[in-house]
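Coordinates from input_39.cif are shown below (mmCIF, C-alpha atoms).
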```cif
data_start
loop_
_atom_site.label_atom_id
_atom_site.label_comp_id
_atom_site.auth_asym_id
_atom_site.auth_seq_id
_atom_site.Cartn_x
_atom_site.Cartn_y
_atom_site.Cartn_z
CA MET H 956 144.38 19.92 297.22
CA ARG H 957 146.84 17.13 296.44
CA GLU H 958 149.63 19.22 297.83
CA PHE H 959 147.71 19.71 301.06
CA GLN H 960 147.03 15.99 301.52
CA ALA H 961 150.76 15.37 301.61
CA VAL H 962 150.96 17.43 304.80
CA GLU H 963 150.66 15.54 308.04
CA ASP H 964 147.98 17.80 309.45
CA LYS H 965 148.08 16.99 313.15
CA ILE H 966 151.27 16.76 315.21
CA HIS H 967 151.63 16.05 318.91
CA VAL H 968 154.88 16.73 320.73
CA SER H 969 155.25 15.67 324.35
CA ILE H 970 157.03 18.37 326.32
CA ASN H 971 159.14 17.10 329.18
CA SER H 972 162.54 18.74 328.77
CA ASP H 973 164.34 21.62 327.09
CA GLN H 974 165.23 19.30 324.18
CA ASP H 975 161.49 18.90 323.50
CA ILE H 976 161.19 22.69 323.16
CA VAL H 977 163.61 22.55 320.23
CA THR H 978 161.80 19.55 318.69
CA ALA H 979 158.40 21.26 318.97
CA ARG H 980 159.53 24.48 317.34
CA GLN H 981 161.30 22.62 314.51
CA LYS H 982 158.14 20.59 313.81
CA GLY H 983 156.10 23.79 313.91
CA ARG H 984 158.38 25.47 311.41
CA SER H 985 158.19 22.50 309.00
CA LEU H 986 154.41 22.34 309.29
CA ALA H 987 154.14 26.09 308.70
CA ALA H 988 156.34 25.80 305.61
CA ALA H 989 154.27 22.83 304.35
CA VAL H 990 151.06 24.83 304.73
CA GLY H 991 152.64 27.63 302.69
CA PHE H 992 153.48 30.24 305.33
CA SER H 993 156.33 32.61 304.46
CA SER H 994 159.61 32.07 306.25
CA GLY H 995 158.88 35.20 308.31
CA ASP H 996 155.53 33.84 309.51
CA ALA H 997 157.07 30.39 310.10
CA THR H 998 159.61 32.11 312.37
CA LEU H 999 156.80 33.84 314.30
CA ILE H 1000 155.02 30.48 314.75
CA ALA H 1001 158.25 28.69 315.77
CA THR H 1002 159.01 31.45 318.29
CA ALA H 1003 155.49 31.25 319.77
CA ILE H 1004 155.86 27.47 320.13
CA SER H 1005 159.22 27.94 321.85
CA GLU H 1006 157.73 30.34 324.40
CA LEU H 1007 154.68 28.17 325.17
CA ALA H 1008 156.73 24.97 325.37
CA ARG H 1009 159.14 26.68 327.75
CA ASN H 1010 156.26 27.74 329.99
CA ILE H 1011 155.24 24.06 330.17
CA VAL H 1012 158.76 22.94 331.16
CA THR H 1013 159.20 25.81 333.64
CA TYR H 1014 155.82 25.81 335.36
CA ALA H 1015 154.20 22.41 334.76
CA LYS H 1016 157.27 20.16 334.11
CA SER H 1017 155.39 18.22 331.45
CA GLY H 1018 152.64 18.69 328.92
CA GLU H 1019 151.99 18.63 325.23
CA ILE H 1020 152.11 20.84 322.18
CA GLN H 1021 149.54 20.05 319.48
CA LEU H 1022 149.89 21.53 316.02
CA THR H 1023 146.95 21.28 313.66
CA VAL H 1024 146.37 22.50 310.13
CA ILE H 1025 143.06 24.37 310.16
CA ASN H 1026 140.80 25.35 307.28
CA GLY H 1027 138.82 28.58 307.39
CA SER H 1028 136.21 29.56 304.83
CA ALA H 1029 138.79 30.87 302.39
CA ARG H 1030 142.17 30.23 303.96
CA GLN H 1031 144.37 27.82 305.82
CA GLY H 1032 146.20 28.26 309.02
CA ILE H 1033 147.86 26.56 311.94
CA GLN H 1034 146.39 26.02 315.37
CA LEU H 1035 148.80 25.68 318.22
CA VAL H 1036 147.62 24.20 321.50
CA ALA H 1037 149.88 24.11 324.55
CA TYR H 1038 148.38 21.85 327.19
CA ASP H 1039 149.56 20.99 330.67
CA GLU H 1040 148.17 19.75 333.96
CA GLY H 1041 150.45 21.98 336.00
CA PRO H 1042 149.64 24.42 338.79
CA GLY H 1043 147.55 26.69 336.55
CA ILE H 1044 147.56 30.48 336.30
CA PRO H 1045 145.69 32.09 339.20
CA ASP H 1046 145.35 35.53 337.60
CA ILE H 1047 145.15 35.41 333.79
CA PRO H 1048 144.72 39.19 333.18
CA GLN H 1049 147.87 39.76 335.21
CA ALA H 1050 149.77 37.05 333.27
CA LEU H 1051 148.75 38.76 330.03
CA ARG H 1052 150.24 42.08 331.10
CA ASP H 1053 153.69 42.87 329.77
CA GLY H 1054 156.34 42.59 332.42
CA PHE H 1055 154.62 40.12 334.72
CA SER H 1056 156.30 36.87 335.67
CA THR H 1057 156.38 34.58 338.67
CA SER H 1058 159.59 32.75 337.76
CA GLY H 1059 162.01 35.65 337.51
CA SER H 1060 162.01 35.39 333.71
CA LEU H 1061 161.39 38.33 331.45
CA GLY H 1062 157.66 37.96 331.95
CA LEU H 1063 156.91 38.65 328.31
CA GLY H 1064 155.89 35.15 327.36
CA LEU H 1065 152.11 35.26 327.06
CA PRO H 1066 151.51 38.82 325.83
CA GLY H 1067 154.38 38.31 323.39
CA VAL H 1068 152.90 35.07 322.06
CA LYS H 1069 149.56 36.84 321.69
CA ARG H 1070 151.23 39.45 319.47
CA LEU H 1071 152.99 36.78 317.39
CA MET H 1072 149.75 34.96 316.56
CA ASP H 1073 146.38 36.08 315.08
CA GLU H 1074 144.08 34.51 317.67
CA PHE H 1075 144.87 33.66 321.26
CA GLU H 1076 142.86 32.05 324.03
CA ILE H 1077 143.87 30.83 327.43
CA VAL H 1078 141.97 28.57 329.81
CA SER H 1079 143.48 27.88 333.19
CA ALA H 1080 142.38 26.72 336.58
CA GLU H 1081 144.46 26.14 339.67
CA THR H 1082 143.57 22.46 339.79
CA SER H 1083 143.33 21.48 336.13
CA GLY H 1084 146.32 23.09 334.47
CA THR H 1085 146.56 25.44 331.53
CA THR H 1086 145.54 25.25 327.90
CA VAL H 1087 146.68 27.97 325.52
CA THR H 1088 145.17 27.90 322.03
CA ALA H 1089 146.60 30.20 319.39
CA LYS H 1090 145.96 30.40 315.66
CA LYS H 1091 147.78 31.95 312.78
CA TRP H 1092 146.14 32.32 309.37
CA ARG H 1093 147.96 32.37 306.09
CA PRO H 1094 147.54 35.82 304.55
CA MET N 418 175.77 20.37 321.43
CA GLU N 419 178.84 22.50 321.98
CA VAL N 420 179.27 26.01 320.59
CA PRO N 421 182.59 26.33 318.74
CA LEU N 422 184.82 29.12 320.09
CA LEU N 423 187.57 30.49 317.87
CA LYS N 424 190.37 32.67 319.18
CA GLN N 425 191.45 35.40 316.82
CA GLY N 426 194.09 37.68 318.30
CA ASP N 427 192.57 39.61 321.19
CA PHE N 428 189.08 38.50 320.24
CA LEU N 429 186.97 35.37 320.60
CA ILE N 430 184.42 34.33 318.00
CA ALA N 431 181.52 32.08 319.04
CA THR N 432 179.22 30.60 316.43
CA ILE N 433 175.76 29.63 317.68
CA GLN N 434 173.97 26.77 315.91
CA ALA N 435 170.25 26.70 315.22
CA ALA N 436 169.21 23.85 317.49
CA LEU N 437 170.63 24.85 320.87
CA THR N 438 168.66 23.74 323.90
CA ASP N 439 168.42 25.86 327.05
CA ALA N 440 171.05 23.63 328.68
CA ASP N 441 173.35 24.12 325.66
CA LEU N 442 172.94 27.89 325.95
CA LEU N 443 173.80 27.88 329.65
CA GLN N 444 176.80 25.65 328.98
CA PHE N 445 177.86 28.05 326.22
CA ARG N 446 177.57 31.02 328.58
CA ALA N 447 179.83 29.35 331.13
CA ALA N 448 182.38 28.19 328.55
CA LEU N 449 182.55 31.58 326.85
CA VAL N 450 183.13 33.53 330.06
CA GLN N 451 185.79 30.99 331.07
CA GLN N 452 187.61 31.37 327.73
CA VAL N 453 187.44 35.18 327.90
CA VAL N 454 189.27 34.95 331.22
CA ARG N 455 191.74 32.34 329.96
CA PHE N 456 192.75 34.27 326.84
CA ARG N 457 192.38 37.74 328.38
CA SER N 458 190.17 38.57 325.40
CA GLN N 459 189.36 42.21 324.70
CA GLY N 460 186.27 41.46 322.70
CA VAL N 461 183.81 38.69 321.85
CA ILE N 462 181.71 38.16 318.78
CA VAL N 463 178.63 35.95 319.08
CA ASP N 464 177.56 34.97 315.59
CA VAL N 465 173.86 34.05 315.50
CA THR N 466 173.52 33.91 311.70
CA SER N 467 172.25 30.32 311.77
CA LEU N 468 169.92 30.82 314.73
CA ASP N 469 166.36 30.53 313.40
CA VAL N 470 164.51 31.31 316.65
CA MET N 471 165.55 33.83 319.30
CA ASP N 472 163.07 33.40 322.10
CA SER N 473 163.00 35.08 325.52
CA PHE N 474 165.40 32.55 327.04
CA ALA N 475 168.00 32.86 324.29
CA SER N 476 167.92 36.64 324.29
CA ARG N 477 168.11 36.82 328.08
CA THR N 478 171.08 34.42 328.09
CA LEU N 479 172.91 36.45 325.43
CA ARG N 480 172.27 39.65 327.37
CA GLU N 481 173.68 38.03 330.51
CA VAL N 482 176.74 36.85 328.55
CA ALA N 483 177.39 40.41 327.39
CA GLN N 484 176.96 41.78 330.92
CA MET N 485 179.34 39.22 332.42
CA ILE N 486 181.94 39.89 329.75
CA ARG N 487 181.60 43.64 330.27
CA LEU N 488 182.36 43.12 333.96
CA ARG N 489 185.60 41.52 332.78
CA GLY N 490 186.36 44.73 330.89
CA ALA N 491 185.71 43.24 327.45
CA GLU N 492 183.07 44.01 324.85
CA THR N 493 180.54 41.68 323.21
CA VAL N 494 179.04 42.15 319.76
CA ILE N 495 176.16 40.02 318.55
CA VAL N 496 176.25 39.64 314.79
CA GLY N 497 174.02 38.16 312.12
CA ILE N 498 170.51 38.41 313.60
CA GLN N 499 168.36 37.35 310.64
CA PRO N 500 165.59 39.73 309.48
CA ASP N 501 162.84 37.15 310.27
CA VAL N 502 164.33 36.63 313.72
CA ALA N 503 164.58 40.38 314.34
CA PHE N 504 160.92 40.77 313.34
CA ALA N 505 159.81 38.01 315.73
CA MET N 506 161.92 39.50 318.55
CA VAL N 507 160.27 42.90 318.13
CA GLN N 508 156.78 41.32 318.08
CA LEU N 509 157.63 39.34 321.20
CA GLY N 510 158.89 42.49 322.91
CA LEU N 511 162.47 41.24 323.32
CA LYS N 512 165.26 43.74 323.61
CA LEU N 513 168.99 43.17 323.78
CA GLU N 514 169.12 46.55 325.53
CA ASP N 515 172.67 47.84 325.68
CA VAL N 516 174.29 44.91 323.87
CA THR N 517 176.07 45.99 320.69
CA THR N 518 174.89 44.33 317.48
CA ALA N 519 176.41 44.38 314.00
CA LEU N 520 175.38 43.21 310.56
CA ASP N 521 177.86 40.37 310.21
CA LEU N 522 181.17 38.96 311.42
CA GLU N 523 183.21 41.43 309.37
CA GLU N 524 181.37 44.47 310.74
CA GLY N 525 181.60 43.07 314.25
CA LEU N 526 185.37 42.59 314.00
CA ALA N 527 185.75 46.08 312.54
CA TYR N 528 183.81 47.52 315.49
CA LEU N 529 185.95 45.67 318.05
CA SER N 530 189.18 46.69 316.31
CA ARG N 531 188.17 50.36 316.27
CA ARG N 532 187.27 50.13 319.93
CA SER N 533 190.56 48.50 321.01
CA THR N 534 192.59 50.99 318.92
CA SER N 535 190.86 54.01 320.46
CA SER N 536 191.27 52.72 324.03
CA ALA N 537 194.95 51.71 323.55
#
```
Once you've parsed the file, please lay out its structure as structure tokens.
Amino acid sequence: MREFQAVEDKIHVSINSDQDIVTARQKGRSLAAAVGFSSGDATLIATAISELARNIVTYAKSGEIQLTVINGSARQGIQLVAYDEGPGIPDIPQALRDGFSTSGSLGLGLPGVKRLMDEFEIVSAETSGTTVTAKKWRP
Amino acid sequence: MEVPLLKQGDFLIATIQAALTDADLLQFRAALVQQVVRFRSQGVIVDVTSLDVMDSFASRTLREVAQMIRLRGAETVIVGIQPDVAFAMVQLGLKLEDVTTALDLEEGLAYLSRRSTSSA
């Protein structure tokens, strides 16, 4: 457990610009490595952070990425929360379908992130913004 | 952060660094296309060996670079996609579609040389 205590287990990154996207994914990769994820899994986590942070910059202009070390009954993982108070997603099932986008991008963001992570939940309302929570467990 | 561009004969070699922002990538795209025109390059290698995350924006920008350069009559080869990065790209559903890829710089240069010899 001593090794684990050395890990800063909760990180907040304010997302306001494309530079913050890079910062968030670098912090995510370091945290994943500190928790003991393989470099392959750390890449999946960093890529998921990059996609979610970009959605914040593109759709909401500003928001926050929270990275937390989580403890399950027998394993550790990372929880990734992308939070914004932007316009919200009117039709979540549609946004989770491959190929859908409202900004002319590839439209693979959310379904792709869902595949990169083990657990994925999205809460969004047109007046209160969007919160995406995703978890990845160490195998 | 600027992407270094190296001219080698008829080819241009661009080396992407790990921590490029979206703005850096767009600036790179503009600079690369400009240099291809300036040097009348026949081929371009984009070396992504040190890129640790290839998200949807980066892969879309690289695809656009290759399309623009093809319209100039030149060929682009993306080299050095790391195995972890390739795995994440597949999971994310990203495709480089008809952009040529090669294992490393050497293979990429060999491909471009074969191509320019056969079309000469």
- [ ] Given the file shown, enumerate the residues that the PyMOL selection byres ((chain H) within 10 of (chain N)) captures and present them as a ChimeraX atom specification.
- [x] /H:972-978,980-981,984,993-1006,1009,1053-1054,1060-1072
Open item on the list: For the provided coordinates, the residues matched by the PyMOL selection byres ((chain H and resi 1090) around 9) should be stated as a PyMOL selection string.
Closed with: chain H and resi 1025+1032-1036+1072-1075+1088-1089+1091-1092
Task: Picked residues, the PyMOL selection byres ((chain H and resi 1082) around 7), as a ChimeraX atom specification - done: /H:1042-1043,1080-1081,1083-1084
Just C-alpha atoms for this one: save the residues we selected as a compact mmCIF listing (two decimals), in the frame of the given file.
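Below you can see again22.txt, which holds the result:
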```
# COMPACT_ATOMS: atom_id res chain seq x y z
CA PRO H 1042 149.64 24.42 338.79
CA GLY H 1043 147.55 26.69 336.55
CA ALA H 1080 142.38 26.72 336.58
CA GLU H 1081 144.46 26.14 339.67
CA SER H 1083 143.33 21.48 336.13
CA GLY H 1084 146.32 23.09 334.47
```
- [ ] For CA of Ile966 (chain H) and CA of Ser985 (chain H), quote the distance in Å rounded to one decimal.
- [x]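 If I compute the distance from CA of Ile966 (chain H) to CA of Ser985 (chain H), I get 10.9 Å.
When CA of Val454 (chain N) is paired with CA of Leu526 (chain N), their separation reads 19.2 Å.
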- [ ] Mind checking which residues fall within 7 Å of Phe428 (chain N), counting all atoms listed in the file, ignoring those fewer than 3 positions away in the same chain, and posting them as a count of residues only?
- [x] 6
Open item on the list: To one decimal place in Å, what is the distance between CA of Leu442 (chain N) and CA of Thr493 (chain N)?
Closed with: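 That distance, rounded to one decimal, is 16.0 Å.
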Find the smallest box with edges along x, y and z containing every listed atom of region 524-531 of chain N, then add 6 Å on each side and report centre and edge lengths in Å to one decimal, as JSON.
```
{"center_x": 185.3, "center_y": 46.5, "center_z": 314.4, "size_x": 19.8, "size_y": 19.8, "size_z": 19.3}
```
TODO: Pick out the residues sitting within 6 Å of region 1010-1016 of chain H, and hand them over as a ChimeraX atom specification; count only C-alpha atoms, and ignore anything fewer than 2 positions along from it in its own chain.
DONE: /H:1007-1008,1041
